[in-house]
Amino acid sequence: MTLQTWQIGEAKITKVTEMEQRWPGFAVIPQATQAAMKEHDWVLGPFADRESGKIRLSFHAFCIEIGDEKIIVDTCAGNDKVRPNFEALGDLHTDFLERMTEAGFGPDDVTAVVCTHLHVDHVGWNTNLVNGVWVPTFPKARYVFGAKEWNHWRGEPQVYGDVVGDSIRPCIDAGLAELVESDLRLNDAVWLEPTPGHTPGHHSVRISSGGLDAVVTGDLVHHPIQFEHPDWSSEPDVDKPMAIDTRRSFAERYCDDHTIVLGTHFGGPSCGHLRRLDAGGWWLDSTGFADVS
């Protein structure tokens, strides 16, 4: 099994992929038509197909190991789940959990699960089906959910089935969940940063150790093209004006020579350094990073 890893001081980050697919960009970002994508050379190859213009969309977990802690950021779609209106994520039977175990993040290894938000494709492996009952996949972990995020989705059902019932509430009922503010510090090297707009309580995850830095985006962007065009909103953004402002402020903050931006849905290398464009906006430079699907 080939894995992408990044060493951020004492923290090791590993990407474990559930699946990577090629989608027409407009299925997620209406302005990201295939013709429009082919006009942006920097995305072609690492982040979009050069011939078709389709985007490389990945579903993966970023797994952080530091000291005695093993932290998963987002748990993808999950197996055996009924997902009306989202066929690509329904009734899956992948070997994702086996790959997680091979990477050192098996069910009994994980100490914390952090969900950047509570959408269907970020909470799926929170639970797995055992004798017809949804139970927490990682029984020794604390599940970190944003309090604002939970308060929204507990009263605002998702259109993709009983996401709360099959992937969130079982962790709460088991006494494993912590409802937190979006600036929680998990340890000296890992903390949350509020990045609302895609959902009300969305947060990103910062990793800083030994003078090195990385940040996990969550869904403040679904594709790097949204750095060049922050006004290209993702269709699922709950508050599109806020999400646009968040993308701009995020890009301003992390447009530097050292912070590795780790995209939660970016295919290919899944990461890069933000650079400013002379014409406005930013682009993601993936030079030097491996392309592992």
# chains A, B, ... in the order shown; residues from 1 in each chain; ligands from 1
>>> residues_around(residues="segment 224-230 of chain A", least_positions_apart="5", cutoff="7 Å", atoms="only C-alpha atoms", output="list in words")
Ile244, Arg247, Arg248, Ala251, Gly281, Trp282, Trp283 and Leu284 of chain A
>>> residues_around(residues="segment 21-37 of chain A", least_positions_apart="3", cutoff="7 Å", atoms="only C-alpha atoms", output="list in words")
His40, Ser52, Gly53, Lys54, Ile55, Arg56, Leu57, Ser58, Trp232, Ser233, Ser234 and Glu235 of chain A
>>> closest_residue(among="A:Glu51, A:Glu39, A:Asp109, A:Asp74", to="Val16 of chain A", atoms="only C-alpha atoms")
A:Asp74
>>> residues_around(residues="Glu65 of chain A", least_positions_apart="2", cutoff="12 Å", atoms="only C-alpha atoms", output="VMD selection string")
chain A and resid 5 to 15 62 to 63 67 to 73 103 to 105 109 to 112 187 189 to 190 207 209
>>> closest_residue(among="A:Val114, A:Val135, A:Asp245, A:Cys171", to="Leu192 of chain A", atoms="only C-alpha atoms")
A:Val114
>>> residues_around(residues="Arg50 of chain A", least_positions_apart="6", cutoff="9 Å", atoms="only C-alpha atoms", output="NGL selection string")
:A and (38 or 41 or 43-44)
>>> closest_residue(among="A:Asp239, A:Asp257, A:Asp166, A:Glu193", to="Asp213 of chain A", atoms="only C-alpha atoms")
A:Asp257
>>> residues_around(residues="Leu97 of chain A", least_positions_apart="3", cutoff="12 Å", atoms="only C-alpha atoms", output="list in words")
Val16, Thr17, Glu18, His60, Ala61, Thr75, Cys76, Ala77, Gly78, Asn79, His93, Thr94, Met100, Thr101, Glu102, Ala103, Gly104, Phe105, Gly106, Pro107, Asp108, Gly124, Trp125, Asn126, Thr127, Asn128, Thr137 and Phe138 of chain A
>>> write_last_selection(atoms="N, CA and C atoms", output="short mmCIF file (atom, residue, chain, number, x, y, z; two decimals), in the first residue's frame")
data_model
loop_
_atom_site.label_atom_id
_atom_site.label_comp_id
_atom_site.auth_asym_id
_atom_site.auth_seq_id
_atom_site.Cartn_x
_atom_site.Cartn_y
_atom_site.Cartn_z
N VAL A 16 -5.06 8.53 4.00
CA VAL A 16 -5.61 7.23 3.65
C VAL A 16 -6.86 7.48 2.81
N THR A 17 -6.86 6.99 1.57
CA THR A 17 -7.91 7.30 0.61
C THR A 17 -9.01 6.25 0.64
N GLU A 18 -10.23 6.72 0.73
CA GLU A 18 -11.39 5.84 0.57
C GLU A 18 -11.64 5.61 -0.92
N HIS A 60 -10.83 11.16 1.43
CA HIS A 60 -9.75 10.58 2.22
C HIS A 60 -9.73 11.15 3.63
N ALA A 61 -9.03 10.45 4.49
CA ALA A 61 -8.81 10.91 5.87
C ALA A 61 -7.36 11.35 6.01
N THR A 75 -13.83 11.24 8.48
CA THR A 75 -13.88 9.79 8.30
C THR A 75 -14.62 9.36 7.03
N CYS A 76 -14.70 10.23 6.06
CA CYS A 76 -15.19 9.88 4.72
C CYS A 76 -16.65 9.39 4.74
N ALA A 77 -17.00 8.48 3.82
CA ALA A 77 -18.41 8.15 3.59
C ALA A 77 -18.90 6.93 4.36
N GLY A 78 -18.02 5.93 4.53
CA GLY A 78 -18.42 4.75 5.29
C GLY A 78 -19.10 3.68 4.45
N ASN A 79 -19.13 2.50 4.99
CA ASN A 79 -19.76 1.36 4.32
C ASN A 79 -21.21 1.17 4.76
N HIS A 93 -18.87 -0.67 -0.13
CA HIS A 93 -18.24 -1.84 0.50
C HIS A 93 -16.74 -1.76 0.17
N THR A 94 -16.08 -0.79 0.75
CA THR A 94 -14.66 -0.60 0.48
C THR A 94 -13.81 -1.24 1.58
N MET A 100 -6.77 1.68 6.75
CA MET A 100 -6.49 2.49 7.95
C MET A 100 -5.69 1.67 8.95
N THR A 101 -6.06 0.42 9.13
CA THR A 101 -5.37 -0.44 10.08
C THR A 101 -3.93 -0.67 9.65
N GLU A 102 -3.71 -0.91 8.35
CA GLU A 102 -2.35 -1.08 7.84
C GLU A 102 -1.51 0.17 8.05
N ALA A 103 -2.17 1.34 8.03
CA ALA A 103 -1.45 2.61 8.24
C ALA A 103 -1.20 2.90 9.72
N GLY A 104 -1.70 2.02 10.60
CA GLY A 104 -1.49 2.21 12.03
C GLY A 104 -2.62 2.90 12.74
N PHE A 105 -3.78 3.03 12.06
CA PHE A 105 -4.93 3.71 12.63
C PHE A 105 -6.13 2.79 12.67
N GLY A 106 -5.92 1.61 13.26
CA GLY A 106 -7.00 0.65 13.41
C GLY A 106 -7.99 1.06 14.48
N PRO A 107 -9.10 0.35 14.59
CA PRO A 107 -10.14 0.73 15.55
C PRO A 107 -9.67 0.94 16.97
N ASP A 108 -8.69 0.16 17.45
CA ASP A 108 -8.23 0.30 18.83
C ASP A 108 -7.01 1.21 18.97
N GLY A 124 -18.80 9.30 7.89
CA GLY A 124 -19.30 7.96 7.61
C GLY A 124 -18.65 6.84 8.40
N TRP A 125 -17.31 6.90 8.53
CA TRP A 125 -16.63 5.83 9.26
C TRP A 125 -16.56 6.12 10.76
N ASN A 126 -17.29 7.13 11.22
CA ASN A 126 -17.46 7.27 12.67
C ASN A 126 -18.04 5.99 13.27
N THR A 127 -18.87 5.33 12.46
CA THR A 127 -19.55 4.13 12.93
C THR A 127 -19.44 3.03 11.88
N ASN A 128 -19.70 1.81 12.33
CA ASN A 128 -19.84 0.70 11.40
C ASN A 128 -20.96 -0.21 11.89
N THR A 137 -16.84 3.13 15.45
CA THR A 137 -15.77 2.34 14.86
C THR A 137 -14.51 2.36 15.72
N PHE A 138 -14.31 3.49 16.41
CA PHE A 138 -13.08 3.69 17.18
C PHE A 138 -13.45 3.84 18.66
#
>>> residues_around(residues="segment 285-290 of chain A", least_positions_apart="4", cutoff="12 Å", atoms="only C-alpha atoms", output="VMD selection string")
chain A and resid 2 to 6 15 41 to 47 224 to 225 227 to 228 255 to 263 266 to 277
>>> atom_distance(atom1="atom CA of Val215 of chain A", atom2="atom CA of Val144 of chain A")
17.2 Å
>>> select_by_dssp(residues="segment 83-203 of chain A", states="helix (DSSP H, G or I)", output="ChimeraX atom specification")
/A:87-89,96-102,120-122,124-126,147-153,163-173
>>> write_last_selection(atoms="C-alpha atoms", output="short mmCIF file (atom, residue, chain, number, x, y, z; two decimals), in the first residue's frame")
data_model
loop_
_atom_site.label_atom_id
_atom_site.label_comp_id
_atom_site.auth_asym_id
_atom_site.auth_seq_id
_atom_site.Cartn_x
_atom_site.Cartn_y
_atom_site.Cartn_z
CA GLU A 87 -25.59 7.39 -5.24
CA ALA A 88 -21.79 7.71 -5.34
CA LEU A 89 -21.68 7.43 -1.53
CA PHE A 96 -10.96 1.56 3.82
CA LEU A 97 -10.87 0.27 7.41
CA GLU A 98 -8.29 -2.37 6.48
CA ARG A 99 -6.15 0.32 4.85
CA MET A 100 -6.49 2.49 7.95
CA THR A 101 -5.37 -0.44 10.08
CA GLU A 102 -2.35 -1.08 7.84
CA VAL A 120 -22.36 12.96 5.04
CA ASP A 121 -18.90 12.38 3.54
CA HIS A 122 -16.97 13.47 6.65
CA GLY A 124 -19.30 7.96 7.61
CA TRP A 125 -16.63 5.83 9.26
CA ASN A 126 -17.46 7.27 12.67
CA ALA A 147 -21.04 22.41 19.20
CA LYS A 148 -22.41 24.98 16.75
CA GLU A 149 -22.30 22.41 13.98
CA TRP A 150 -24.17 19.84 16.04
CA ASN A 151 -26.82 22.35 17.10
CA HIS A 152 -27.46 23.10 13.42
CA TRP A 153 -27.67 19.57 12.06
CA VAL A 163 -26.71 10.90 8.72
CA VAL A 164 -27.24 11.95 12.33
CA GLY A 165 -28.82 8.64 13.25
CA ASP A 166 -26.28 6.36 11.61
CA SER A 167 -23.02 8.30 11.98
CA ILE A 168 -23.20 10.91 14.74
CA ARG A 169 -25.72 10.10 17.45
CA PRO A 170 -24.31 6.60 18.16
CA CYS A 171 -21.04 8.27 19.20
CA ILE A 172 -22.91 10.70 21.45
CA ASP A 173 -25.04 7.92 22.95
#
>>> atom_distance(atom1="atom CA of Asp91 of chain A", atom2="atom CA of Val159 of chain A")
15.9 Å
>>> select_by_dssp(residues="segment 54-274 of chain A", states="strand (DSSP E)", output="PyMOL selection string")
chain A and resi 55-66+69-73+112-114+127-130+133-136+142-146+177-180+190-194+203-209+212-216+260-262+271-274
>>> residues_around(residues="Thr264 of chain A", least_positions_apart="3", cutoff="7 Å", atoms="only C-alpha atoms", output="PDB file with C-alpha atoms, in the first residue's frame")
ATOM      1  CA  HIS A  60      -9.749  10.575   2.216  1.00  0.00           C
ATOM      2  CA  VAL A 216      -6.251  20.724   6.709  1.00  0.00           C
ATOM      3  CA  THR A 217      -8.877  22.690   4.789  1.00  0.00           C
ATOM      4  CA  GLY A 218     -12.027  20.694   5.340  1.00  0.00           C
ATOM      5  CA  ASP A 219     -14.643  21.844   2.820  1.00  0.00           C
TER       6      ASP A 219
END
>>> atom_distance(atom1="atom CA of Thr116 of chain A", atom2="atom CA of Gly146 of chain A")
7.9 Å
>>> closest_residue(among="A:Met19, A:Val133, A:Ser208, A:Lys240", to="Asp80 of chain A", atoms="only C-alpha atoms")
A:Val133
